[in-house]
Structure formats: structure tokens, C-alpha cells
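The file work-v2.csv comes next; it holds CSV, C-alpha atoms.
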chain,number,residue,atom,x,y,z
A,1,MET,CA,105.8,135.5,121.8
A,2,LYS,CA,108.5,132.8,121.8
A,3,LEU,CA,108.0,129.9,124.1
A,4,THR,CA,111.8,130.0,124.7
A,5,THR,CA,111.3,133.3,126.4
A,6,LEU,CA,108.9,131.7,128.9
A,7,PHE,CA,111.2,128.8,129.5
A,8,ASP,CA,114.1,131.2,130.2
A,9,LYS,CA,111.9,133.0,132.8
A,10,GLY,CA,111.3,129.7,134.5
A,11,GLU,CA,107.6,129.5,133.7
A,12,PHE,CA,105.8,126.2,133.5
A,13,VAL,CA,104.8,126.3,129.9
A,14,ILE,CA,101.4,124.9,128.9
A,15,THR,CA,100.4,124.2,125.3
A,16,GLY,CA,97.4,122.6,123.7
A,17,GLU,CA,96.8,121.2,120.3
A,18,VAL,CA,94.2,121.5,117.5
A,19,GLY,CA,93.9,120.0,114.1
A,20,PRO,CA,92.9,122.1,111.0
A,21,ILE,CA,89.6,121.3,109.3
A,22,LYS,CA,89.3,119.1,106.3
A,23,GLY,CA,88.4,121.9,104.1
A,24,ALA,CA,89.0,125.6,103.5
A,25,ILE,CA,88.6,128.5,105.8
A,26,HIS,CA,85.5,130.5,104.9
A,27,ARG,CA,86.4,133.8,103.3
A,28,ASP,CA,83.8,135.5,105.4
A,29,LYS,CA,86.0,136.4,108.4
A,30,SER,CA,83.1,136.4,110.7
A,31,ILE,CA,83.0,132.6,110.3
A,32,GLU,CA,85.8,130.8,112.0
A,33,PRO,CA,86.9,127.2,111.3
A,34,SER,CA,86.3,124.7,114.0
A,35,CYS,CA,90.0,124.6,114.9
A,36,ALA,CA,89.9,128.3,115.7
A,37,ILE,CA,86.8,127.8,117.9
A,38,GLU,CA,88.7,124.9,119.8
A,39,ALA,CA,91.7,127.1,120.1
A,40,LEU,CA,89.6,130.0,121.6
A,41,HIS,CA,88.3,127.5,124.2
A,42,LEU,CA,91.9,126.6,125.0
A,43,ASN,CA,93.4,130.1,124.9
A,44,GLN,CA,92.7,131.2,128.4
A,45,HIS,CA,94.2,128.0,129.8
A,46,VAL,CA,97.4,127.7,127.8
A,47,HIS,CA,100.3,129.8,126.6
A,48,ALA,CA,100.2,128.6,123.0
A,49,VAL,CA,98.3,126.2,120.7
A,50,ASN,CA,100.0,123.7,118.4
A,51,VAL,CA,98.5,123.4,114.9
A,52,THR,CA,99.1,120.0,113.4
A,53,ASP,CA,100.4,119.4,109.8
A,54,ASN,CA,98.2,116.8,108.0
A,55,GLN,CA,98.3,114.7,111.2
A,56,SER,CA,98.2,111.0,110.7
A,57,ALA,CA,98.8,111.7,107.0
A,58,VAL,CA,95.2,112.8,106.6
A,59,MET,CA,94.8,115.7,104.1
A,60,ARG,CA,93.5,118.9,105.8
A,61,LEU,CA,93.8,122.6,105.7
A,62,GLY,CA,97.5,123.7,105.9
A,63,SER,CA,98.9,124.3,109.3
A,64,LEU,CA,100.3,127.6,108.2
A,65,ALA,CA,97.0,129.0,107.1
A,66,ALA,CA,95.4,127.8,110.4
A,67,SER,CA,98.3,129.2,112.4
A,68,VAL,CA,98.0,132.6,110.8
A,69,ARG,CA,94.2,132.7,111.5
A,70,LEU,CA,94.8,131.9,115.1
A,71,LYS,CA,97.4,134.6,115.4
A,72,ALA,CA,94.9,137.1,113.9
A,73,ASN,CA,92.5,136.0,116.7
A,74,GLY,CA,95.0,136.7,119.4
A,75,ILE,CA,96.0,133.1,120.0
A,76,GLU,CA,99.7,132.2,120.0
A,77,PRO,CA,100.2,129.3,117.6
A,78,VAL,CA,103.0,126.7,117.4
A,79,TYR,CA,103.2,126.0,113.7
A,80,GLN,CA,103.9,122.3,113.0
A,81,LEU,CA,106.0,121.5,109.9
A,82,THR,CA,106.8,118.0,108.7
A,83,CYS,CA,109.2,116.5,106.2
A,84,ARG,CA,106.7,114.0,104.7
A,85,ASP,CA,105.1,116.3,102.1
A,86,ARG,CA,107.8,118.8,101.2
A,87,ASN,CA,111.3,118.8,99.7
A,88,ARG,CA,114.0,121.2,101.1
A,89,LEU,CA,112.9,124.0,98.8
A,90,ALA,CA,109.4,124.0,100.1
A,91,LEU,CA,110.4,123.5,103.7
A,92,GLN,CA,112.7,126.5,103.7
A,93,SER,CA,110.2,128.6,101.8
A,94,ASP,CA,107.4,127.7,104.3
A,95,LEU,CA,109.5,128.6,107.3
A,96,LEU,CA,110.4,132.0,105.8
A,97,THR,CA,106.8,132.5,104.9
A,98,ALA,CA,105.6,131.6,108.4
A,99,TYR,CA,108.1,134.0,110.1
A,100,SER,CA,107.1,136.7,107.6
A,101,LEU,CA,103.5,136.3,108.6
A,102,GLY,CA,104.2,136.7,112.3
A,103,ILE,CA,104.7,133.1,113.5
A,104,ASP,CA,107.2,132.9,116.4
A,105,ASN,CA,107.2,129.2,117.3
A,106,VAL,CA,107.6,126.1,115.1
A,107,LEU,CA,107.6,122.4,115.9
A,108,LEU,CA,109.8,120.5,113.4
A,109,LEU,CA,108.9,116.8,112.8
A,110,THR,CA,109.4,114.0,110.4
A,111,GLY,CA,105.7,113.3,110.0
A,112,ASP,CA,103.5,110.2,110.0
A,113,HIS,CA,103.9,107.9,107.1
A,114,ILE,CA,101.5,108.1,104.1
A,115,GLN,CA,100.2,104.6,104.8
A,116,LEU,CA,98.4,105.8,107.9
A,117,GLY,CA,96.3,108.4,106.1
A,118,ASP,CA,93.6,108.8,103.6
A,119,HIS,CA,95.8,109.3,100.5
A,120,LYS,CA,97.7,106.0,100.4
A,121,GLU,CA,98.5,106.5,96.7
A,122,ALA,CA,100.5,109.7,97.5
A,123,LYS,CA,104.2,109.7,97.1
A,124,PRO,CA,106.0,110.5,100.4
A,125,VAL,CA,108.9,113.0,100.1
A,126,PHE,CA,111.1,112.8,103.2
A,127,ASP,CA,113.8,114.7,101.5
A,128,LEU,CA,115.2,115.5,104.9
A,129,ASP,CA,114.7,113.9,108.3
A,130,SER,CA,113.8,115.7,111.5
A,131,VAL,CA,117.4,116.3,112.6
A,132,GLN,CA,118.3,117.7,109.1
A,133,LEU,CA,115.2,119.9,109.2
A,134,ILE,CA,116.1,121.4,112.5
A,135,GLU,CA,119.7,122.0,111.3
A,136,MET,CA,118.3,123.6,108.1
A,137,ALA,CA,116.1,125.9,110.2
A,138,LYS,CA,119.0,126.9,112.3
A,139,GLY,CA,120.9,127.9,109.2
A,140,LEU,CA,118.0,130.1,108.1
A,141,LYS,CA,118.2,131.8,111.5
A,142,ARG,CA,121.9,132.4,110.9
A,143,GLY,CA,121.2,133.9,107.4
A,144,TYR,CA,122.0,131.0,105.1
A,145,ASP,CA,119.9,128.5,103.2
A,146,ILE,CA,120.7,124.8,103.2
A,147,SER,CA,123.0,125.2,100.2
A,148,GLY,CA,125.0,127.9,101.9
A,149,ASN,CA,123.6,130.9,100.0
A,150,ARG,CA,123.0,134.1,101.9
A,151,ILE,CA,119.4,135.1,102.5
A,152,GLU,CA,117.8,138.5,103.3
A,153,ASN,CA,116.0,139.3,106.6
A,154,TYR,CA,116.6,135.8,108.1
A,155,LEU,CA,114.1,134.3,110.5
A,156,ASP,CA,114.1,134.4,114.3
A,157,MET,CA,111.8,131.7,115.6
A,158,ALA,CA,111.8,129.3,118.5
A,159,PHE,CA,112.5,125.7,117.4
A,160,GLY,CA,110.8,122.8,119.0
A,161,ALA,CA,111.2,119.1,118.5
A,162,VAL,CA,109.6,115.8,119.7
A,163,VAL,CA,111.0,112.9,121.7
A,164,ASN,CA,109.4,109.5,122.6
A,165,PRO,CA,110.0,108.4,126.2
A,166,ASN,CA,108.4,105.1,125.4
A,167,PHE,CA,110.9,104.1,122.7
A,168,GLU,CA,113.0,101.0,123.2
A,169,PRO,CA,115.9,100.9,123.4
A,170,LEU,CA,115.7,104.2,125.1
A,171,ASP,CA,119.3,105.1,124.6
A,172,LEU,CA,118.8,105.3,120.8
A,173,GLN,CA,116.0,107.9,121.4
A,174,LEU,CA,118.3,109.8,123.7
A,175,MET,CA,121.0,109.8,121.1
A,176,LYS,CA,118.5,111.3,118.6
A,177,MET,CA,117.4,113.8,121.1
A,178,LYS,CA,121.0,115.0,121.6
A,179,LYS,CA,121.4,115.2,117.8
A,180,LYS,CA,118.3,117.4,117.6
A,181,ILE,CA,119.7,119.7,120.4
A,182,ASP,CA,123.1,119.9,118.6
A,183,ALA,CA,121.2,120.8,115.4
A,184,GLY,CA,119.3,123.6,117.0
A,185,ALA,CA,116.3,122.3,118.9
A,186,GLN,CA,115.4,124.6,121.9
A,187,PHE,CA,112.6,122.7,123.6
A,188,PHE,CA,110.9,119.3,123.4
A,189,GLN,CA,107.4,118.0,123.5
A,190,THR,CA,107.1,114.3,124.2
A,191,GLN,CA,105.0,111.6,122.7
A,192,ALA,CA,102.0,110.7,124.8
A,193,VAL,CA,103.0,109.0,128.1
A,194,TYR,CA,100.7,107.0,130.4
A,195,ASP,CA,103.2,105.0,132.5
A,196,ILE,CA,104.9,106.9,135.3
A,197,LYS,CA,107.8,104.4,135.6
A,198,ILE,CA,108.6,104.8,131.9
A,199,PHE,CA,108.6,108.5,132.1
A,200,GLU,CA,110.8,108.6,135.3
A,201,LYS,CA,113.3,106.3,133.5
A,202,PHE,CA,113.4,108.7,130.5
A,203,ILE,CA,113.6,112.0,132.4
A,204,LYS,CA,116.4,110.8,134.7
A,205,LYS,CA,118.5,110.2,131.5
A,206,ALA,CA,117.3,113.3,129.6
A,207,GLU,CA,117.8,115.9,132.3
A,208,LYS,CA,121.5,115.9,131.6
A,209,PHE,CA,120.8,117.8,128.3
A,210,LYS,CA,119.3,120.7,130.2
A,211,CYS,CA,116.8,121.4,127.5
A,212,PRO,CA,113.2,122.3,128.4
A,213,ILE,CA,110.8,119.3,128.1
A,214,GLN,CA,107.0,119.4,128.0
A,215,VAL,CA,105.4,116.1,128.9
A,216,GLY,CA,102.9,115.1,126.3
A,217,ILE,CA,99.3,114.1,127.4
A,218,VAL,CA,96.7,112.6,125.1
A,219,THR,CA,93.2,112.4,126.7
A,220,LEU,CA,92.2,108.8,127.2
A,221,LYS,CA,88.7,108.5,125.8
A,222,SER,CA,87.8,104.8,126.2
A,223,PRO,CA,89.1,101.3,126.7
A,224,GLN,CA,88.8,100.8,123.0
A,225,MET,CA,91.0,103.7,122.3
A,226,ALA,CA,93.6,102.5,124.8
A,227,ASN,CA,93.7,99.0,123.3
A,228,PHE,CA,94.0,100.4,119.8
A,229,MET,CA,97.0,102.5,120.7
A,230,ASN,CA,98.7,99.6,122.5
A,231,LYS,CA,98.2,97.4,119.4
A,232,ASN,CA,98.8,99.9,116.6
A,233,VAL,CA,100.7,103.0,117.8
A,234,SER,CA,104.4,102.3,118.0
A,235,GLY,CA,106.0,103.3,121.3
A,236,ILE,CA,102.9,103.9,123.4
A,237,HIS,CA,101.9,101.8,126.3
A,238,VAL,CA,98.7,102.3,128.3
A,239,PRO,CA,98.8,100.3,131.5
A,240,GLN,CA,96.0,97.9,132.1
A,241,GLU,CA,94.9,99.6,135.3
A,242,LEU,CA,94.2,102.8,133.3
A,243,ILE,CA,92.2,100.9,130.7
A,244,ASP,CA,90.2,99.4,133.6
A,245,GLU,CA,89.8,102.8,135.2
A,246,ILE,CA,88.4,104.6,132.1
A,247,GLY,CA,86.2,101.6,131.4
A,248,SER,CA,84.8,101.6,135.0
A,249,VAL,CA,82.6,104.6,134.4
A,250,ALA,CA,79.6,105.2,132.1
A,251,LYS,CA,80.2,106.8,128.7
A,252,GLU,CA,78.7,110.1,129.8
A,253,ASP,CA,81.2,110.3,132.7
A,254,ARG,CA,84.3,109.5,130.7
A,255,LYS,CA,85.3,113.1,130.1
A,256,LYS,CA,85.5,113.7,133.8
A,257,LYS,CA,87.4,110.4,134.4
A,258,SER,CA,89.8,111.2,131.5
A,259,ALA,CA,90.6,114.6,133.0
A,260,GLN,CA,91.2,113.0,136.4
A,261,ILE,CA,93.6,110.4,134.9
A,262,ALA,CA,95.5,113.0,132.9
A,263,GLY,CA,95.6,115.6,135.7
A,264,ARG,CA,96.9,113.0,138.2
A,265,PHE,CA,99.7,112.0,135.8
A,266,VAL,CA,100.7,115.6,135.2
A,267,LYS,CA,100.7,116.3,139.0
A,268,GLN,CA,103.1,113.3,139.5
A,269,VAL,CA,105.6,114.5,136.9
A,270,LYS,CA,105.3,118.3,136.9
A,271,SER,CA,108.3,118.7,139.2
A,272,MET,CA,110.5,116.8,136.6
A,273,VAL,CA,109.6,118.9,133.5
A,274,GLN,CA,109.3,122.5,132.3
A,275,GLY,CA,105.8,122.2,130.9
A,276,VAL,CA,103.0,120.1,129.6
A,277,HIS,CA,101.6,119.7,126.1
A,278,ILE,CA,97.9,118.6,126.1
A,279,MET,CA,96.5,116.9,123.1
A,280,PRO,CA,92.7,116.7,123.8
A,281,LEU,CA,91.7,115.2,120.5
A,282,GLY,CA,88.6,117.4,120.3
A,283,TRP,CA,87.9,117.4,124.0
A,284,THR,CA,89.1,120.9,124.6
A,285,ASP,CA,86.6,121.4,127.3
A,286,VAL,CA,88.4,119.0,129.6
A,287,VAL,CA,91.7,120.9,129.6
A,288,PRO,CA,90.7,123.2,132.5
A,289,ASP,CA,89.8,120.1,134.6
A,290,ILE,CA,93.1,118.4,133.7
A,291,LEU,CA,95.0,121.5,134.9
A,292,GLY,CA,92.8,121.7,137.9
A,293,HIS,CA,93.5,118.1,139.0
A,294,ALA,CA,97.2,118.9,138.4
A,295,ASP,CA,97.1,122.1,140.5
A,296,ILE,CA,98.4,124.1,137.6
A,297,SER,CA,97.2,127.4,136.0
A,298,VAL,CA,98.6,129.9,133.4
Write the structure described by the file as C-alpha cells, please.
Amino acid sequence: MKLTTLFDKGEFVITGEVGPIKGAIHRDKSIEPSCAIEALHLNQHVHAVNVTDNQSAVMRLGSLAASVRLKANGIEPVYQLTCRDRNRLALQSDLLTAYSLGIDNVLLLTGDHIQLGDHKEAKPVFDLDSVQLIEMAKGLKRGYDISGNRIENYLDMAFGAVVNPNFEPLDLQLMKMKKKIDAGAQFFQTQAVYDIKIFEKFIKKAEKFKCPIQVGIVTLKSPQMANFMNKNVSGIHVPQELIDEIGSVAKEDRKKKSAQIAGRFVKQVKSMVQGVHIMPLGWTDVVPDILGHADISV
């Protein structure tokens, strides 16, 4: 199932996100990795589940293997593919492999820098940037590789991309968004947003592109997490009133409060967007509450 089909039907598209385990999938198929268990919890509440690709440059099970396992369990994956670890040969090969194994949706990204992760001695590749990656994928859909050679049985996938509403100056981010659309991006998932004014400013300028946008939601777990993101994560701003709000409750009540904060934000912006992408960071059990507070259901 392509997400673009749902967007074309005018459905409000809901996706979640899981990270593959740091290890291999057990060969006993009766034992599922934790990411599959998380995805099963999400499945009845979302249309599809993103599978991250060595997120934050931390080495994990490959996103393709995890995506295929989810598909085998009846869960629609959004396979994430980054430029950081692969040259153009590997990127093209992995896309063709993914499609051949039944993957219909892919999110095409640059990838977090090596210095953020657990293998700082690794050599980053970045043979292509995200715009070039999308353009290359579009070529594979048309039947040509990046060097102009014909390919057999070319792929037919829905191509997603990311955009950061928090970025300043915003016009530069909008220019990049337009380049991604021209290259072949068919829908967007945004970086985490917490400030309604920032998002309204972004969406008023981005709506002219007439490309489906899912607002990105990261569950706010604690004041410490919020302060860390404000200090260390480029382009994210958590307003002080939200930091105070999540800190106003006991630790055992923070899941409920986090769901309330996220759901309230989604409810405020849902008329402006075509979907929501929820990144629960392991708190998959709060997703139903987030959607409930937002008055949304699949």
C-alpha cells in the first residue's frame, strides 16, 4: 500500500516510527525483535510504520531487514534510507532490493552525521545529498540508473522526504523543499515541532507547493529531554511553558501528560496538514492517547 494512494483519497495519514534493534533478528521466526513488537502495538492505530536507518548514526540492524520483517507480519513499513553510509551504487541497489522484497514506501534522507553516533571513527560517505538521492530514485522509477543506463523491472514506490519547519532562515528550507518536490518527492514528514506559531508560519508558506505534509511529533518525556534538545538538536525549539508543563507532574504521570501535550498540538494543526507522523521514542503505548486527545482515528 502506497501512502500516496491514501493522500490522493484525501485520508488523514497517520504514521508511527520504530528503531531496529542493536543486534540481529533471531532466526527462530517465532521470536520477533523488539521493533516488531513495538510496531504491532502501533499497527491498529496507524497506516504505516517508519523504520529508521541507523538513527543518530548509531549502528543497528538494517532498516531494510526490519522493514521486510514488519511486512511479513502484516505491518506496512516506511523504509528509511540515508546517504550517510552508502555510495550511489549501494543506494540504488538497496532501493531495487527493497522494492523487490515488497516495500512500497521509502523516506529518503541525508542522515545524521557520524559524530553523533557510537562509531565516531567511521568514514561518512555522503556521495549524494538528499535532493540527489530523490532524483536518483525517480530515475529508477523511470527505468534508468543514475548513469543513464537502462534497468529491468524498474521500481514503483512512493517517495517521501523530510522538512524542518523550525529552520532559520525559513526561506532556505522552503527552497530545499521545492527542490525535493521537483526531484520527485511525493510527500513530506516534518522535523519535530512544539511551537504552534513556528508551525503556522511554515505551513502558510509551504501550502503553495500543494504536496502532502505530515506534521512530526516527538513525545516529550521530561524537562531534561526538552532542555537537551533546545541546547543540542539544531532547529528544535521547545517552549518554556511546555517544559514547565511536563515537569509539573510526577514521573509516573509523564506518559499521560506527554500524550496530552502532543495530542493538543496535533488537534491545533490537523486542519493545516494531510497527516501526522508520531515518533514515540519507545513510548508506543501513548500513541492511542495522543490520537484520542487530537480526536483522530484510523
query: Of the candidates A:Gly16, A:Gly282, A:Gly111, A:Gly23, which one gets nearest to Gly216 in chain A if we count only C-alpha atoms?
result: A:Gly16
message: Just checking: using all atoms listed in the file, which residue out of A:Ala39, A:Ala192, A:Met136, A:Leu242 ends up closest to Asn87 in chain A?
response: A:Met136
- prompt: Hey, which of A:Gly160, A:Gly148, A:Gly74, A:Gly62 ends up closest to Leu107 in chain A? Count only C-alpha atoms.
  reply: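 Residue with the minimum atom-to-atom distance to Leu107 in chain A: A:Gly160.
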message: Show me, as a ChimeraX atom specification, the residues that have an atom within 10 Å of range 44-46 of chain A when counting only C-alpha atoms, minus same-chain residues fewer than 4 positions from it.
response: /A:13-17,39-40,75-76,276-278,287-288,291,296-298
task: Work out how far CA of Phe188 in chain A is from CA of Val131 in chain A, in Å to one decimal.
output: 13.0 Å
- request: Go through A:Ile37, A:Met225, A:Ala65, A:Ala262 one by one, measure the shortest atom-to-atom distance of each to Thr52 in chain A using only C-alpha atoms, and give the residue with the smallest value.
  value: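 Among A:Ile37, A:Met225, A:Ala65, A:Ala262, it is A:Ala65 that comes nearest to Thr52 in chain A.
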- prompt: Leaving out Ile246 in chain A and any residue of its chain fewer than 4 positions from it, which residues lie within 10 Å of it when counting all atoms listed in the file, given as number ranges by chain?
  reply: A: 220-224, 226, 241-242, 250-251, 253-258, 260-261
task: For Ile103 in chain A, list every protein, DNA or RNA residue within 12 Å, evaluated using all atoms listed in the file, and leave out those in the same chain fewer than 4 positions away; present the list as a PyMOL selection string.
output: chain A and resi 1-3+48-51+63-72+74-80+94-99+107+155-159
task: Grab the CA of Arg27 in chain A to CA of Cys83 in chain A distance for me, in Å with one decimal place.
output: 28.8 Å
task: Name all residues at most 8 Å from range 196-202 of chain A (count all atoms listed in the file; drop same-chain ones fewer than 4 positions away) and give them as a PyMOL selection string.
output: chain A and resi 165-166+170+206+265+268-269
query: Which residue gives the smallest distance to Lys210 in chain A among A:Met177, A:Ala294, A:Ala24, A:Val238, with all atoms listed in the file counted?
result: A:Met177
- prompt: Distance CA of Asp289 in chain A-CA of Ile217 in chain A, one decimal place?
  reply: 13.3 Å
query: Between A:His41, A:His113, A:Arg150, A:His293, which is the closest to Gly263 in chain A once you count all atoms listed in the file?
result: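 The closest residue to Gly263 in chain A is A:His293.
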